[in-house]
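As structure tokens, the structure follows; a few thoughts come after it.
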Amino acid sequence: MKTNGRQIRIAATTGLLAMSLGIFMGINHQLGLATTELGTMRGPASQIMEAVKSAKLLAERKLVHRLSKVSLRKTASIGRDANELENFRFGILEGKYQVAIKDNQISYISFIDNPNTEGRPTFVRDRSEFLSQNKKLLGLGEVKERISVDLVGSRVVETYRVATDKQDKDVIIKFTLDDMDRLISLEKQVVSGLKYF
């Protein structure tokens with residue numbers, strides 16, 4: 001009996017398909033078995049997927065736990081710690097303000113209303129304390145007094161007189177606030193020879 005090449009290919013292909021099907025069914029059978037008190041029984045395929053998900057979740061939890069224990073963490077991507085001005089701009093002011101600098105000192109701060117700020121300026125409840133805490137950045141000495149509180153439209157303008165390192169000069173700081181004590185702007189003016197009675 002003569003066999004031609006076509007019959008050999010058909011037989012080989014059929015054999016390979018049968019072997020593949022057998023291997024697949026064997027693996028599927030092994031993965032789908034669950035051991036219980038009653039013995040080994042086949043579970044649904046969803047249990048296999050659930051086991052994979054829970055193993056992944058367990059691995060993630062272990063990794064998070066391990067990372068939370070790391071104590072020698074270095075400065076992240078910027079490569080250096082934030083300086084005092086960056087801490088002020090992005091910490092206290094939350095990155096919501098334009099900050100103008102003149103002679104290495106802050107001279108003006110203004111709220112920028114954009115979609116990222118959600119329209120909410122930063123609260124500054126105690127302006128005198130704010131000036132004392134940030135006097136180095138603003139180039140100020142001690143707060144001498146609050147000069148005035150004015151209502152301009154719906155805004156409150158508080159004016160403070162602050163000492164400088166020069167004896168004949170003082171600084172006038174004007175806070176513009178909304179009705180909830182949120183900072184809209186801060187303006188600094190150097191003046192000389194101020195006298196108040």
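The way I read the labels, and the way they are meant: chains A, B, ... in the order of the structure tokens, residue 1 as the first residue of every chain, and ligand 1 as the first ligand shown, with later ones counted on from there.
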
Do you know which residues are at most 8 Å from stretch 149-161 of chain A counting only C-alpha atoms, after dropping those on the same chain fewer than 5 positions away, and could you put them as a list of chain:residue names? A:Val143, A:Lys144, A:Asp170, A:Val171, A:Ile172, A:Ile173, A:Lys174, A:Phe175, A:Thr176, A:Leu177, A:Asp178, A:Asp179

Give the strand (DSSP E) residues of stretch 71-147 of chain A, as assigned by DSSP on the backbone, as JSON, numbers by chain. {"A": [97, 98, 99, 100, 101, 102, 105, 106, 107, 108, 109, 110, 111, 143, 144, 145, 146, 147]}

Written file, previous selection with N, CA and C atoms, as a compact mmCIF listing (two decimals), in the first residue's frame:
# COMPACT_ATOMS: atom_id res chain seq x y z
N TYR A 97 -0.54 80.74 44.33
CA TYR A 97 -0.24 82.17 44.29
C TYR A 97 0.95 82.51 43.41
N GLN A 98 0.87 83.71 42.83
CA GLN A 98 2.01 84.29 42.14
C GLN A 98 2.82 85.01 43.21
N VAL A 99 4.12 84.79 43.21
CA VAL A 99 4.98 85.42 44.21
C VAL A 99 6.02 86.25 43.47
N ALA A 100 6.01 87.58 43.73
CA ALA A 100 6.98 88.48 43.11
C ALA A 100 8.12 88.70 44.10
N ILE A 101 9.35 88.64 43.58
CA ILE A 101 10.53 88.79 44.43
C ILE A 101 11.34 90.00 43.95
N LYS A 102 11.73 90.83 44.92
CA LYS A 102 12.55 92.00 44.62
C LYS A 102 13.65 92.06 45.66
N GLN A 105 13.78 89.25 48.27
CA GLN A 105 12.72 89.23 49.27
C GLN A 105 11.37 89.27 48.55
N ILE A 106 10.39 88.65 49.16
CA ILE A 106 9.05 88.66 48.58
C ILE A 106 8.48 90.07 48.69
N SER A 107 8.00 90.61 47.57
CA SER A 107 7.43 91.96 47.59
C SER A 107 5.92 91.95 47.32
N TYR A 108 5.42 90.87 46.72
CA TYR A 108 4.00 90.83 46.38
C TYR A 108 3.55 89.38 46.23
N ILE A 109 2.37 89.09 46.73
CA ILE A 109 1.76 87.77 46.60
C ILE A 109 0.35 87.97 46.08
N SER A 110 -0.04 87.21 45.07
CA SER A 110 -1.38 87.36 44.49
C SER A 110 -1.97 85.99 44.16
N PHE A 111 -3.22 85.79 44.56
CA PHE A 111 -3.93 84.54 44.30
C PHE A 111 -4.18 84.39 42.80
N VAL A 143 6.66 92.79 64.00
CA VAL A 143 5.41 93.49 63.69
C VAL A 143 5.17 94.52 64.78
N LYS A 144 5.04 95.79 64.37
CA LYS A 144 4.84 96.85 65.35
C LYS A 144 3.37 97.01 65.70
N GLU A 145 2.53 97.11 64.67
CA GLU A 145 1.11 97.33 64.94
C GLU A 145 0.27 97.12 63.69
N ARG A 146 -1.02 96.89 63.93
CA ARG A 146 -1.98 96.89 62.82
C ARG A 146 -2.49 98.32 62.73
N ILE A 147 -2.31 98.91 61.54
CA ILE A 147 -2.67 100.31 61.34
C ILE A 147 -4.15 100.48 61.08

- Task: May I have the residues within 8 Å of A:Leu137 as a ChimeraX atom specification, using only C-alpha atoms and disregarding those fewer than 2 positions away in the same chain?
- Result: /A:84-85,105-106,134-135,139-140

File of the preceding selection, N, CA and C atoms, as a PDB file, in the first residue's frame:
ATOM      1  N   GLU A  84      13.587  77.223  51.485  1.00  0.00           N
ATOM      2  CA  GLU A  84      12.586  77.931  52.288  1.00  0.00           C
ATOM      3  C   GLU A  84      11.509  78.592  51.420  1.00  0.00           C
ATOM      4  N   LEU A  85      11.914  79.172  50.292  1.00  0.00           N
ATOM      5  CA  LEU A  85      10.952  79.809  49.392  1.00  0.00           C
ATOM      6  C   LEU A  85      10.015  78.780  48.763  1.00  0.00           C
ATOM      7  N   GLN A 105      13.778  89.252  48.269  1.00  0.00           N
ATOM      8  CA  GLN A 105      12.718  89.233  49.271  1.00  0.00           C
ATOM      9  C   GLN A 105      11.372  89.274  48.554  1.00  0.00           C
ATOM     10  N   ILE A 106      10.393  88.652  49.157  1.00  0.00           N
ATOM     11  CA  ILE A 106       9.050  88.662  48.575  1.00  0.00           C
ATOM     12  C   ILE A 106       8.482  90.069  48.693  1.00  0.00           C
ATOM     13  N   ASN A 134       7.113  84.264  58.629  1.00  0.00           N
ATOM     14  CA  ASN A 134       7.725  84.375  57.302  1.00  0.00           C
ATOM     15  C   ASN A 134       8.534  85.657  57.145  1.00  0.00           C
ATOM     16  N   LYS A 135       9.003  86.231  58.264  1.00  0.00           N
ATOM     17  CA  LYS A 135       9.696  87.516  58.209  1.00  0.00           C
ATOM     18  C   LYS A 135      11.005  87.459  57.424  1.00  0.00           C
ATOM     19  N   GLY A 139      11.679  89.826  54.381  1.00  0.00           N
ATOM     20  CA  GLY A 139      12.657  90.853  54.743  1.00  0.00           C
ATOM     21  C   GLY A 139      12.119  91.784  55.811  1.00  0.00           C
ATOM     22  N   LEU A 140      11.491  91.213  56.826  1.00  0.00           N
ATOM     23  CA  LEU A 140      10.842  92.010  57.858  1.00  0.00           C
ATOM     24  C   LEU A 140      11.501  91.810  59.202  1.00  0.00           C
TER      25      LEU A 140
END

Between A:Glu187, A:Asp181, A:Asp103, A:Glu142, smallest distance to A:Ala163 by only C-alpha atoms belongs to A:Glu142

Quick one, how far is atom CA of A:Asn104 from atom CA of A:Arg125?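 Separating atom CA of A:Asn104 from atom CA of A:Arg125 is a distance of 26.3 Å.
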